[in-house]
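Working notes, structure below.
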Amino acid sequence: MRGAEPADAPDEAFTLADYERRARALLPPAIWDFIAGGAGEERTLRANEAAFERLWLLPRVLTGAGRPITGIRLLGRDWPAPIGVAPVAYHTLVHPEGEIATARGAARAGLPFVVSTFAGTVLEDIAAVAGGPLWLQLYCFRDRDVTRRLVERAEHAGFEAIVLTVDAPRLGRRLRDVRNDFRLPPGVAPANISGDDFASPAGHAAVAFDPALDWSVLSWLRSVSGLPIVLKGILGTSDARRAVAAGADAIVVSNHGGRQLDGSPATLEMLPGIVAAVAGGVPVLIDGGVRRGVDVLACLALGAAAVLVGRPVLHGLTAGGADGVAGVLGILLDELQDTMALTGVDSLEAVDRSLVAQREQLPHLPLAGLGTPPLLPDAAWRT
Ligand SMILES: Cc1cc2nc3c(=O)[nH]c(=O)nc-3n(C[C@H](O)[C@H](O)[C@H](O)COP(=O)(O)O)c2cc1C
Ligand SMILES: O=C(O)C(=O)c1ccccc1
């Protein structure tokens, strides 16, 4: 259920769901499937969004907090809001200007952009139009020279962090793509790595990704770059602790938007346990299913430093190029401000766990306990 929708679906978009609908109407079905789909039966994909439906925000009244400030500081940089663009391959699949248009759109909000190893446009060109922090998402290839050159180029172009994706020794089995025999259309190819045979993403990954990647990759990465290293794709508490011990500068709690291990839990459900395990050691970011301002605040209430959004940015890019990306990010920002004002917090430092309650738990709470409900008991399973 997407909220009040006009029957005749006009062109104007007021929510991320509106952008999603517009993108779906515009894209060829196989490209839509590649973007929208997840691995296997898509249980994890569905779980990401569903987890937000089970969480309520508890407003505080008469706090005088009507003019919220959304800014945060992360890895030594000010962000105007705790929202960044998640790394997504091949923006040129949905718009001829690809990541250039995305960077222009993100620049209007001043928000950070994590550029994929599989970007369809050139890193230096993206850097030339960016207006907020740029991070490079890295897939570590068997060919470490190709990997190293990519990192060096990014550093030289002014990228400020490396986001190493750690949940992909190979790509997950995405059944929509298998059934569609999905291939990249002519003209869509990675612009920043050498090699060939990119047309089938899963086929290419099976050959090129390093399937034997282990924790030693961190010291290798340190040896080739002085940039902060962010590990993306952590879902378990012991992996989170290990990431901190291994010297990661931040982590992203992610199941890759449900595209890798189908059957892995919703990211929101794992967040509180991971935040507790990391105990302030490094900032914890999260992605997966963030679709409204209230979702952003829920993540922060459970301890996230910031969120990344993936598919919605591509929906904006599809529907309106740079304007569409700015539209999507602007809606999220406006909604976050609305949510903060109505929740009664005027800065993100004031946000804590007392602001959220898990739906199933509320009826059992004594009324007096509403301010500090025992939320989301930390992950029942540990890895
Ligand atoms: C079409 C598509 C391509 C993606 N490509 C990458 C990628 O190249 N590298 C990466 O680390 N994650 C990639 N992801 C995962 C996203 O970074 C992110 O984890 C996920 O999309 C977040 O969930 P959301 O789409 O629900 O916001 C991709 C996701 C999609 C939908
Ligand atoms: O990471 C992904 O999810 C993804 O879809 C992808 C696409 C092309 C190349 C590598 C990964």
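Ordering of the structure tokens sets the chain letters (A, B, ...), residue numbers begin anew at 1 in every chain, and ligands are numbered from 1 in the order given.
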
Against ligand 1, which residues of chain A fall within 6 Å? For each one I want the closest pair of atoms and the distance in Å (one decimal), counting only C-alpha atoms and all ligand atoms, rows by chain and increasing residue number, as a tab-separated table.
residue	atom	partner	partner_atom_place_in_ligand_line	distance
A:Ile35	CA	ligand 1	1 (C)	3.9
A:Ala86	CA	ligand 1	17 (O)	4.5
A:Pro87	CA	ligand 1	17 (O)	4.1
A:Val88	CA	ligand 1	5 (N)	3.5
A:Ala89	CA	ligand 1	8 (O)	4.0
A:Ser116	CA	ligand 1	8 (O)	4.6
A:Thr117	CA	ligand 1	8 (O)	5.9
A:Phe118	CA	ligand 1	8 (O)	5.5
A:Gln137	CA	ligand 1	11 (O)	6.0
A:Thr165	CA	ligand 1	11 (O)	4.9
A:Ser254	CA	ligand 1	19 (O)	5.7
A:His256	CA	ligand 1	19 (O)	3.6
A:Gly257	CA	ligand 1	23 (O)	3.6
A:Asp287	CA	ligand 1	22 (C)	4.8
A:Gly288	CA	ligand 1	23 (O)	3.5
A:Gly289	CA	ligand 1	26 (O)	3.7
A:Val290	CA	ligand 1	27 (O)	5.7
A:Val309	CA	ligand 1	27 (O)	3.9
A:Gly310	CA	ligand 1	27 (O)	3.6
A:Arg311	CA	ligand 1	25 (O)	3.9

What residues have any atom no more than 10 Å from ligand 2 when counting only C-alpha atoms and all ligand atoms, and can you list them as JSON, numbers by chain?
{"A": [34, 35, 37, 38, 39, 87, 88, 89, 90, 116, 117, 118, 119, 139, 165, 167, 168, 170, 171, 172, 174, 184, 189, 190, 198, 199, 200, 201, 202, 203, 204, 205, 208, 209, 255, 256, 257, 258, 259, 260]}

Output for the residues just chosen: N, CA and C atoms as a CSV table (one decimal), in the first residue's frame:
chain,number,residue,atom,x,y,z
A,34,PHE,N,15.9,-6.0,-13.7
A,34,PHE,CA,17.3,-6.0,-13.2
A,34,PHE,C,17.5,-5.1,-12.0
A,35,ILE,N,16.8,-4.0,-12.1
A,35,ILE,CA,16.9,-3.0,-11.0
A,35,ILE,C,16.1,-3.4,-9.8
A,37,GLY,N,14.8,-6.2,-9.0
A,37,GLY,CA,14.8,-7.6,-8.5
A,37,GLY,C,15.8,-7.9,-7.4
A,38,GLY,N,15.6,-9.1,-6.8
A,38,GLY,CA,16.5,-9.6,-5.8
A,38,GLY,C,16.9,-11.0,-6.1
A,39,ALA,N,17.6,-11.6,-5.2
A,39,ALA,CA,18.0,-13.0,-5.4
A,39,ALA,C,16.9,-13.9,-5.0
A,87,PRO,N,25.9,2.9,-3.9
A,87,PRO,CA,26.5,2.5,-5.2
A,87,PRO,C,25.6,1.6,-6.0
A,88,VAL,N,25.3,1.9,-7.2
A,88,VAL,CA,24.5,1.2,-8.1
A,88,VAL,C,25.2,1.2,-9.5
A,89,ALA,N,25.3,0.0,-10.0
A,89,ALA,CA,26.0,-0.2,-11.3
A,89,ALA,C,25.3,0.5,-12.4
A,90,TYR,N,26.0,1.0,-13.4
A,90,TYR,CA,25.4,1.3,-14.7
A,90,TYR,C,24.2,2.3,-14.7
A,116,SER,N,29.7,3.4,-8.1
A,116,SER,CA,30.0,2.0,-8.3
A,116,SER,C,31.2,1.7,-9.1
A,117,THR,N,31.9,0.6,-8.8
A,117,THR,CA,33.0,0.1,-9.7
A,117,THR,C,32.5,0.0,-11.1
A,118,PHE,N,31.2,-0.3,-11.2
A,118,PHE,CA,30.6,-0.5,-12.6
A,118,PHE,C,29.9,0.7,-13.1
A,119,ALA,N,30.3,1.9,-12.7
A,119,ALA,CA,29.7,3.1,-13.2
A,119,ALA,C,29.9,3.1,-14.7
A,139,TYR,N,34.7,-3.3,-6.0
A,139,TYR,CA,34.7,-4.7,-6.0
A,139,TYR,C,36.1,-5.1,-6.2
A,165,THR,N,32.9,-3.6,-1.0
A,165,THR,CA,31.8,-4.4,-0.9
A,165,THR,C,32.2,-5.8,-0.6
A,167,ASP,N,30.1,-8.5,0.5
A,167,ASP,CA,29.0,-9.5,0.4
A,167,ASP,C,28.9,-10.2,-0.9
A,168,ALA,N,30.0,-10.1,-1.7
A,168,ALA,CA,29.8,-10.5,-3.1
A,168,ALA,C,31.0,-11.3,-3.6
A,170,ARG,N,30.6,-13.7,-5.3
A,170,ARG,CA,30.0,-13.8,-6.6
A,170,ARG,C,28.6,-13.1,-6.5
A,171,LEU,N,27.9,-12.9,-7.7
A,171,LEU,CA,26.6,-12.3,-7.5
A,171,LEU,C,25.6,-13.3,-7.2
A,172,GLY,N,24.6,-12.8,-6.4
A,172,GLY,CA,23.4,-13.7,-6.1
A,172,GLY,C,22.7,-14.2,-7.3
A,174,ARG,N,19.8,-14.1,-9.3
A,174,ARG,CA,18.7,-13.2,-9.5
A,174,ARG,C,17.8,-13.8,-10.6
A,184,LEU,N,23.3,-6.6,-20.8
A,184,LEU,CA,23.4,-5.1,-20.9
A,184,LEU,C,23.2,-4.7,-22.4
A,189,ALA,N,28.4,0.0,-20.6
A,189,ALA,CA,29.5,-0.8,-20.2
A,189,ALA,C,30.2,0.0,-19.1
A,190,PRO,N,31.1,-0.7,-18.3
A,190,PRO,CA,31.8,0.0,-17.3
A,190,PRO,C,32.8,0.9,-17.9
A,198,PHE,N,31.4,-8.0,-20.4
A,198,PHE,CA,30.6,-7.5,-19.2
A,198,PHE,C,29.1,-7.7,-19.4
A,199,ALA,N,28.7,-8.1,-20.5
A,199,ALA,CA,27.2,-8.1,-20.9
A,199,ALA,C,26.3,-8.8,-19.9
A,200,SER,N,26.8,-9.9,-19.4
A,200,SER,CA,26.0,-10.6,-18.3
A,200,SER,C,26.7,-10.3,-17.0
A,201,PRO,N,26.1,-9.5,-16.1
A,201,PRO,CA,26.7,-9.1,-14.9
A,201,PRO,C,27.1,-10.3,-14.0
A,202,ALA,N,26.3,-11.3,-13.9
A,202,ALA,CA,26.6,-12.5,-13.1
A,202,ALA,C,27.7,-13.3,-13.7
A,203,GLY,N,27.7,-13.4,-15.0
A,203,GLY,CA,28.7,-14.2,-15.7
A,203,GLY,C,30.1,-13.5,-15.6
A,204,HIS,N,30.1,-12.2,-15.7
A,204,HIS,CA,31.3,-11.5,-15.6
A,204,HIS,C,31.9,-11.6,-14.2
A,205,ALA,N,31.0,-11.4,-13.2
A,205,ALA,CA,31.4,-11.5,-11.8
A,205,ALA,C,32.0,-12.8,-11.5
A,208,ALA,N,35.5,-12.6,-12.9
A,208,ALA,CA,36.4,-11.5,-12.5
A,208,ALA,C,36.5,-11.2,-11.0
A,209,PHE,N,35.5,-11.4,-10.3
A,209,PHE,CA,35.5,-11.1,-8.8
A,209,PHE,C,36.4,-12.2,-8.2
A,255,ASN,N,22.3,-5.9,3.0
A,255,ASN,CA,22.2,-7.2,2.3
A,255,ASN,C,22.1,-7.0,0.8
A,256,HIS,N,22.7,-5.9,0.4
A,256,HIS,CA,22.8,-5.6,-1.0
A,256,HIS,C,21.4,-5.4,-1.7
A,257,GLY,N,20.5,-4.8,-0.9
A,257,GLY,CA,19.2,-4.7,-1.4
A,257,GLY,C,18.5,-6.0,-1.8
A,258,GLY,N,18.8,-7.0,-1.0
A,258,GLY,CA,18.2,-8.3,-1.2
A,258,GLY,C,18.7,-9.0,-2.5
A,259,ARG,N,19.8,-8.6,-3.0
A,259,ARG,CA,20.3,-9.2,-4.3
A,259,ARG,C,21.4,-10.2,-4.1
A,260,GLN,N,21.8,-10.5,-2.9
A,260,GLN,CA,22.9,-11.5,-2.7
A,260,GLN,C,22.3,-12.7,-2.0

Distance criterion (only C-alpha atoms): nearest to A:Arg291 out of A:Asp11, A:Glu41, A:Asp181, A:Glu53
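Smallest separation from A:Arg291 among the options: A:Glu53.
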
Name all residues at most 9 Å from A:Ala301 (count only C-alpha atoms; drop same-chain ones fewer than 6 positions away) and give them as a ChimeraX atom specification.
/A:348,351-356

Per DSSP on the backbone, filter stretch 131-162 of chain A down to the residues in helix (DSSP H, G or I) and report them as a list in words.
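Taking stretch 131-162 of chain A and keeping helix (DSSP H, G or I) only, one gets Arg144, Asp145, Val146, Thr147, Arg148, Arg149, Leu150, Val151, Glu152, Arg153, Ala154, Glu155, His156 and Ala157 of chain A.
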
For the residues in that selection, give me C-alpha atoms as a compact mmCIF listing (two decimals), in the first residue's frame.
# COMPACT_ATOMS: atom_id res chain seq x y z
CA ARG A 144 44.67 -6.75 -8.26
CA ASP A 145 46.35 -4.41 -10.77
CA VAL A 146 42.98 -3.45 -12.26
CA THR A 147 41.64 -3.01 -8.72
CA ARG A 148 44.60 -0.92 -7.59
CA ARG A 149 44.50 1.35 -10.64
CA LEU A 150 40.84 2.09 -10.00
CA VAL A 151 41.54 3.07 -6.39
CA GLU A 152 44.48 5.26 -7.38
CA ARG A 153 42.45 7.04 -10.01
CA ALA A 154 39.62 7.70 -7.58
CA GLU A 155 41.99 9.06 -4.96
CA HIS A 156 43.60 11.31 -7.55
CA ALA A 157 40.18 12.56 -8.71

Could you pull out the residues in stretch 79-262 of chain A that DSSP calls strand (DSSP E or B) from the backbone, as a ChimeraX atom specification?
/A:79,83-85,113-115,134-138,141,161-165,209,229-234,250-253,262
